[in-house]
Amino acid sequence: MKSGKGGGRAAKPIEGKKREKPSVIEQWVQVRVEDRRTVTERFPSDEELRKQAEEMERLPTLVYRRLDFVDGVPVEYWWATRDAQRRQYGGCGIQRMTYQRWLLVVEAEKEYPDGRALPTGVGNLPRPKERGGCECGVCGG
């Protein structure tokens, strides 16, 4: 019989491998309309974000892109929302994707001389439980 705390009960078996916390890098994408032209700026730039990722102990598992539509949502970005009010007045949106997917998206974005951000092609990943979980209808919490 074991002595000490726990009253002699056996330790709970560990089910599966302990999940590592996701490593995340973030990018702010500001979208404005100037002289009837869509202007997209990234903070940090794609190059700076890639360098940041490569300097990490391990490559990031997630990339968060926060989209800030200052002057409403231009037609090029209607993929980001179906909400008519948001399209008119603007606001924020988010993209969550794997680092590998982000690299593919960044490569595809190079085809557009206006610098626009593109959809991920696979939708948004749910927010990890370690970052508060997801409240969407698909994930159910």
# chains A, B, ... in the order shown; residues from 1 in each chain; ligands from 1
$ residues_around --residues "A:Tyr77" --least-positions-apart "2" --cutoff "10 Å" --atoms "only C-alpha atoms" --output "PDB file with C-alpha atoms, in the first residue's frame"
ATOM      1  CA  VAL A  31      -7.834  47.884 -45.206  1.00  0.00           C
ATOM      2  CA  THR A  38      -8.432  49.834 -51.830  1.00  0.00           C
ATOM      3  CA  LEU A  67      -8.568  42.334 -40.506  1.00  0.00           C
ATOM      4  CA  PHE A  69     -11.859  47.474 -42.366  1.00  0.00           C
ATOM      5  CA  GLY A  72     -16.331  49.621 -44.841  1.00  0.00           C
ATOM      6  CA  VAL A  73     -15.530  46.372 -46.615  1.00  0.00           C
ATOM      7  CA  PRO A  74     -14.416  46.896 -50.231  1.00  0.00           C
ATOM      8  CA  VAL A  75     -15.743  44.513 -52.878  1.00  0.00           C
ATOM      9  CA  TRP A  79     -15.387  37.108 -48.882  1.00  0.00           C
ATOM     10  CA  ALA A  80     -14.675  38.241 -45.292  1.00  0.00           C
ATOM     11  CA  THR A  81     -18.332  38.863 -44.338  1.00  0.00           C
ATOM     12  CA  ARG A  87     -19.776  45.756 -45.440  1.00  0.00           C
ATOM     13  CA  ARG A 116      -4.867  42.437 -51.122  1.00  0.00           C
ATOM     14  CA  ALA A 117      -5.240  39.674 -48.577  1.00  0.00           C
ATOM     15  CA  LEU A 118      -7.006  36.535 -49.753  1.00  0.00           C
ATOM     16  CA  PRO A 119      -9.250  33.986 -48.053  1.00  0.00           C
TER      17      PRO A 119
END
$ residues_around --residues "A:Glu41" --least-positions-apart "5" --cutoff "9 Å" --atoms "only C-alpha atoms" --output "ChimeraX atom specification"
/A:28-32,115-116
$ write_last_selection --atoms "N, CA and C atoms" --output "tab-separated table (two decimals), in the first residue's frame"
chain	number	residue	atom	x	y	z
A	28	TRP	N	-1.65	42.14	-38.24
A	28	TRP	CA	-2.76	43.08	-38.36
A	28	TRP	C	-2.83	43.50	-39.82
A	29	VAL	N	-3.99	43.39	-40.43
A	29	VAL	CA	-4.18	43.78	-41.83
A	29	VAL	C	-5.20	44.92	-41.85
A	30	GLN	N	-4.71	46.11	-42.17
A	30	GLN	CA	-5.59	47.28	-42.20
A	30	GLN	C	-5.98	47.55	-43.65
A	31	VAL	N	-7.30	47.67	-43.87
A	31	VAL	CA	-7.83	47.88	-45.21
A	31	VAL	C	-8.58	49.21	-45.20
A	32	ARG	N	-8.13	50.12	-46.05
A	32	ARG	CA	-8.75	51.43	-46.18
A	32	ARG	C	-9.10	51.68	-47.65
A	115	GLY	N	-1.87	44.22	-53.53
A	115	GLY	CA	-1.48	43.82	-52.17
A	115	GLY	C	-2.61	43.27	-51.31
A	116	ARG	N	-3.72	42.91	-51.90
A	116	ARG	CA	-4.87	42.44	-51.12
A	116	ARG	C	-4.56	41.13	-50.40
$ residues_around --residues "stretch 88-100 of chain A" --least-positions-apart "5" --cutoff "9 Å" --atoms "only C-alpha atoms" --output "JSON, numbers by chain"
{"A": [24, 25, 53, 59, 60, 61, 62, 63, 64, 65, 66, 67, 68, 69, 70, 71, 72, 73, 74, 80, 81, 83, 105, 119, 120, 122, 123, 124, 125, 126, 127]}
$ write_last_selection --atoms "C-alpha atoms" --output "PDB file, in the first residue's frame"
ATOM      1  CA  VAL A  24       0.896  31.660 -32.503  1.00  0.00           C
ATOM      2  CA  ILE A  25       2.079  34.578 -34.590  1.00  0.00           C
ATOM      3  CA  ALA A  53       8.461  32.648 -37.253  1.00  0.00           C
ATOM      4  CA  LEU A  59       7.678  27.004 -36.083  1.00  0.00           C
ATOM      5  CA  PRO A  60       4.283  28.439 -35.169  1.00  0.00           C
ATOM      6  CA  THR A  61       1.259  26.208 -35.392  1.00  0.00           C
ATOM      7  CA  LEU A  62      -1.210  29.051 -35.991  1.00  0.00           C
ATOM      8  CA  VAL A  63      -1.288  32.401 -37.723  1.00  0.00           C
ATOM      9  CA  TYR A  64      -3.907  34.913 -36.657  1.00  0.00           C
ATOM     10  CA  ARG A  65      -4.684  37.680 -39.114  1.00  0.00           C
ATOM     11  CA  ARG A  66      -6.823  40.460 -37.718  1.00  0.00           C
ATOM     12  CA  LEU A  67      -8.568  42.334 -40.506  1.00  0.00           C
ATOM     13  CA  ASP A  68      -9.470  45.978 -39.817  1.00  0.00           C
ATOM     14  CA  PHE A  69     -11.859  47.474 -42.366  1.00  0.00           C
ATOM     15  CA  VAL A  70     -11.620  51.188 -41.664  1.00  0.00           C
ATOM     16  CA  ASP A  71     -13.933  52.518 -44.397  1.00  0.00           C
ATOM     17  CA  GLY A  72     -16.331  49.621 -44.841  1.00  0.00           C
ATOM     18  CA  VAL A  73     -15.530  46.372 -46.615  1.00  0.00           C
ATOM     19  CA  PRO A  74     -14.416  46.896 -50.231  1.00  0.00           C
ATOM     20  CA  ALA A  80     -14.675  38.241 -45.292  1.00  0.00           C
ATOM     21  CA  THR A  81     -18.332  38.863 -44.338  1.00  0.00           C
ATOM     22  CA  ASP A  83     -23.178  41.054 -43.184  1.00  0.00           C
ATOM     23  CA  VAL A 105      -1.901  32.219 -48.976  1.00  0.00           C
ATOM     24  CA  PRO A 119      -9.250  33.986 -48.053  1.00  0.00           C
ATOM     25  CA  THR A 120      -7.527  30.892 -46.700  1.00  0.00           C
ATOM     26  CA  VAL A 122     -10.210  26.233 -46.286  1.00  0.00           C
ATOM     27  CA  GLY A 123     -12.160  28.545 -43.976  1.00  0.00           C
ATOM     28  CA  ASN A 124     -11.151  29.592 -40.474  1.00  0.00           C
ATOM     29  CA  LEU A 125      -9.707  27.204 -37.955  1.00  0.00           C
ATOM     30  CA  PRO A 126     -11.542  27.142 -34.608  1.00  0.00           C
ATOM     31  CA  ARG A 127      -9.957  29.073 -31.766  1.00  0.00           C
TER      32      ARG A 127
END
$ atom_distance --atom1 "atom CA of A:Arg58" --atom2 "atom CA of A:Glu26"
15.4 Å
$ decode --residues "stretch 5-108 of chain A" --atoms "C-alpha atoms" --output "PDB file, in the first residue's frame"
ATOM      1  CA  LYS A   5      -1.212  11.990   0.042  1.00  0.00           C
ATOM      2  CA  GLY A   6      -3.940  10.412  -2.021  1.00  0.00           C
ATOM      3  CA  GLY A   7      -5.015   7.759   0.477  1.00  0.00           C
ATOM      4  CA  GLY A   8      -3.254   4.956  -1.351  1.00  0.00           C
ATOM      5  CA  ARG A   9      -5.128   5.513  -4.629  1.00  0.00           C
ATOM      6  CA  ALA A  10      -3.256   4.863  -7.847  1.00  0.00           C
ATOM      7  CA  ALA A  11      -2.458   7.844 -10.016  1.00  0.00           C
ATOM      8  CA  LYS A  12      -4.808   8.495 -12.934  1.00  0.00           C
ATOM      9  CA  PRO A  13      -3.431   7.085 -16.147  1.00  0.00           C
ATOM     10  CA  ILE A  14      -2.498   9.725 -18.730  1.00  0.00           C
ATOM     11  CA  GLU A  15      -4.702   9.335 -21.761  1.00  0.00           C
ATOM     12  CA  GLY A  16      -2.751   9.982 -24.911  1.00  0.00           C
ATOM     13  CA  LYS A  17       0.005  12.485 -25.341  1.00  0.00           C
ATOM     14  CA  LYS A  18      -0.212  15.816 -23.543  1.00  0.00           C
ATOM     15  CA  ARG A  19      -1.084  18.493 -26.079  1.00  0.00           C
ATOM     16  CA  GLU A  20       1.402  21.271 -26.522  1.00  0.00           C
ATOM     17  CA  LYS A  21       0.109  24.816 -26.408  1.00  0.00           C
ATOM     18  CA  PRO A  22      -0.194  26.171 -29.916  1.00  0.00           C
ATOM     19  CA  SER A  23       2.490  28.661 -30.847  1.00  0.00           C
ATOM     20  CA  VAL A  24       0.896  31.660 -32.503  1.00  0.00           C
ATOM     21  CA  ILE A  25       2.079  34.578 -34.590  1.00  0.00           C
ATOM     22  CA  GLU A  26      -0.196  37.489 -35.387  1.00  0.00           C
ATOM     23  CA  GLN A  27      -0.574  39.987 -38.178  1.00  0.00           C
ATOM     24  CA  TRP A  28      -2.757  43.078 -38.360  1.00  0.00           C
ATOM     25  CA  VAL A  29      -4.184  43.778 -41.830  1.00  0.00           C
ATOM     26  CA  GLN A  30      -5.587  47.278 -42.204  1.00  0.00           C
ATOM     27  CA  VAL A  31      -7.834  47.884 -45.206  1.00  0.00           C
ATOM     28  CA  ARG A  32      -8.748  51.432 -46.181  1.00  0.00           C
ATOM     29  CA  VAL A  33     -10.243  53.116 -49.222  1.00  0.00           C
ATOM     30  CA  GLU A  34      -8.300  56.130 -50.501  1.00  0.00           C
ATOM     31  CA  ASP A  35      -9.425  57.987 -53.624  1.00  0.00           C
ATOM     32  CA  ARG A  36     -11.785  55.082 -54.440  1.00  0.00           C
ATOM     33  CA  ARG A  37      -8.843  52.670 -54.341  1.00  0.00           C
ATOM     34  CA  THR A  38      -8.432  49.834 -51.830  1.00  0.00           C
ATOM     35  CA  VAL A  39      -5.218  50.082 -49.799  1.00  0.00           C
ATOM     36  CA  THR A  40      -4.063  47.099 -47.721  1.00  0.00           C
ATOM     37  CA  GLU A  41      -1.256  47.341 -45.169  1.00  0.00           C
ATOM     38  CA  ARG A  42       0.136  44.525 -43.030  1.00  0.00           C
ATOM     39  CA  PHE A  43       1.739  44.925 -39.607  1.00  0.00           C
ATOM     40  CA  PRO A  44       4.196  43.267 -39.442  1.00  0.00           C
ATOM     41  CA  SER A  45       4.822  42.756 -43.150  1.00  0.00           C
ATOM     42  CA  ASP A  46       4.743  39.212 -44.508  1.00  0.00           C
ATOM     43  CA  GLU A  47       8.541  39.195 -44.689  1.00  0.00           C
ATOM     44  CA  GLU A  48       8.902  40.375 -41.090  1.00  0.00           C
ATOM     45  CA  LEU A  49       6.357  37.818 -39.888  1.00  0.00           C
ATOM     46  CA  ARG A  50       8.147  35.000 -41.705  1.00  0.00           C
ATOM     47  CA  LYS A  51      11.450  36.081 -40.130  1.00  0.00           C
ATOM     48  CA  GLN A  52       9.774  36.188 -36.701  1.00  0.00           C
ATOM     49  CA  ALA A  53       8.461  32.648 -37.253  1.00  0.00           C
ATOM     50  CA  GLU A  54      11.859  31.335 -38.318  1.00  0.00           C
ATOM     51  CA  GLU A  55      13.489  32.805 -35.197  1.00  0.00           C
ATOM     52  CA  MET A  56      11.079  30.995 -32.878  1.00  0.00           C
ATOM     53  CA  GLU A  57      12.160  27.875 -30.981  1.00  0.00           C
ATOM     54  CA  ARG A  58       9.688  25.893 -33.076  1.00  0.00           C
ATOM     55  CA  LEU A  59       7.678  27.004 -36.083  1.00  0.00           C
ATOM     56  CA  PRO A  60       4.283  28.439 -35.169  1.00  0.00           C
ATOM     57  CA  THR A  61       1.259  26.208 -35.392  1.00  0.00           C
ATOM     58  CA  LEU A  62      -1.210  29.051 -35.991  1.00  0.00           C
ATOM     59  CA  VAL A  63      -1.288  32.401 -37.723  1.00  0.00           C
ATOM     60  CA  TYR A  64      -3.907  34.913 -36.657  1.00  0.00           C
ATOM     61  CA  ARG A  65      -4.684  37.680 -39.114  1.00  0.00           C
ATOM     62  CA  ARG A  66      -6.823  40.460 -37.718  1.00  0.00           C
ATOM     63  CA  LEU A  67      -8.568  42.334 -40.506  1.00  0.00           C
ATOM     64  CA  ASP A  68      -9.470  45.978 -39.817  1.00  0.00           C
ATOM     65  CA  PHE A  69     -11.859  47.474 -42.366  1.00  0.00           C
ATOM     66  CA  VAL A  70     -11.620  51.188 -41.664  1.00  0.00           C
ATOM     67  CA  ASP A  71     -13.933  52.518 -44.397  1.00  0.00           C
ATOM     68  CA  GLY A  72     -16.331  49.621 -44.841  1.00  0.00           C
ATOM     69  CA  VAL A  73     -15.530  46.372 -46.615  1.00  0.00           C
ATOM     70  CA  PRO A  74     -14.416  46.896 -50.231  1.00  0.00           C
ATOM     71  CA  VAL A  75     -15.743  44.513 -52.878  1.00  0.00           C
ATOM     72  CA  GLU A  76     -12.366  42.722 -53.024  1.00  0.00           C
ATOM     73  CA  TYR A  77     -12.941  41.663 -49.411  1.00  0.00           C
ATOM     74  CA  TRP A  78     -16.596  40.654 -49.499  1.00  0.00           C
ATOM     75  CA  TRP A  79     -15.387  37.108 -48.882  1.00  0.00           C
ATOM     76  CA  ALA A  80     -14.675  38.241 -45.292  1.00  0.00           C
ATOM     77  CA  THR A  81     -18.332  38.863 -44.338  1.00  0.00           C
ATOM     78  CA  ARG A  82     -21.863  38.486 -45.640  1.00  0.00           C
ATOM     79  CA  ASP A  83     -23.178  41.054 -43.184  1.00  0.00           C
ATOM     80  CA  ALA A  84     -24.502  44.089 -45.123  1.00  0.00           C
ATOM     81  CA  GLN A  85     -23.980  46.493 -42.200  1.00  0.00           C
ATOM     82  CA  ARG A  86     -20.387  45.412 -41.712  1.00  0.00           C
ATOM     83  CA  ARG A  87     -19.776  45.756 -45.440  1.00  0.00           C
ATOM     84  CA  GLN A  88     -21.104  49.308 -45.294  1.00  0.00           C
ATOM     85  CA  TYR A  89     -19.576  50.523 -42.018  1.00  0.00           C
ATOM     86  CA  GLY A  90     -16.528  48.296 -41.592  1.00  0.00           C
ATOM     87  CA  GLY A  91     -15.173  46.703 -38.461  1.00  0.00           C
ATOM     88  CA  CYS A  92     -12.874  43.829 -37.704  1.00  0.00           C
ATOM     89  CA  GLY A  93     -12.616  40.271 -38.897  1.00  0.00           C
ATOM     90  CA  ILE A  94     -10.197  37.446 -38.278  1.00  0.00           C
ATOM     91  CA  GLN A  95      -8.434  34.686 -40.142  1.00  0.00           C
ATOM     92  CA  ARG A  96      -7.009  31.690 -38.259  1.00  0.00           C
ATOM     93  CA  MET A  97      -4.890  29.273 -40.241  1.00  0.00           C
ATOM     94  CA  THR A  98      -1.935  26.972 -39.922  1.00  0.00           C
ATOM     95  CA  TYR A  99       1.487  28.415 -40.604  1.00  0.00           C
ATOM     96  CA  GLN A 100       1.787  26.166 -43.679  1.00  0.00           C
ATOM     97  CA  ARG A 101      -1.541  27.476 -45.010  1.00  0.00           C
ATOM     98  CA  TRP A 102      -0.418  31.070 -44.346  1.00  0.00           C
ATOM     99  CA  LEU A 103       2.707  30.466 -46.467  1.00  0.00           C
ATOM    100  CA  LEU A 104       0.469  29.251 -49.332  1.00  0.00           C
ATOM    101  CA  VAL A 105      -1.901  32.219 -48.976  1.00  0.00           C
ATOM    102  CA  VAL A 106       0.997  34.703 -48.945  1.00  0.00           C
ATOM    103  CA  GLU A 107       2.379  33.117 -52.120  1.00  0.00           C
ATOM    104  CA  ALA A 108      -1.037  33.384 -53.837  1.00  0.00           C
TER     105      ALA A 108
END
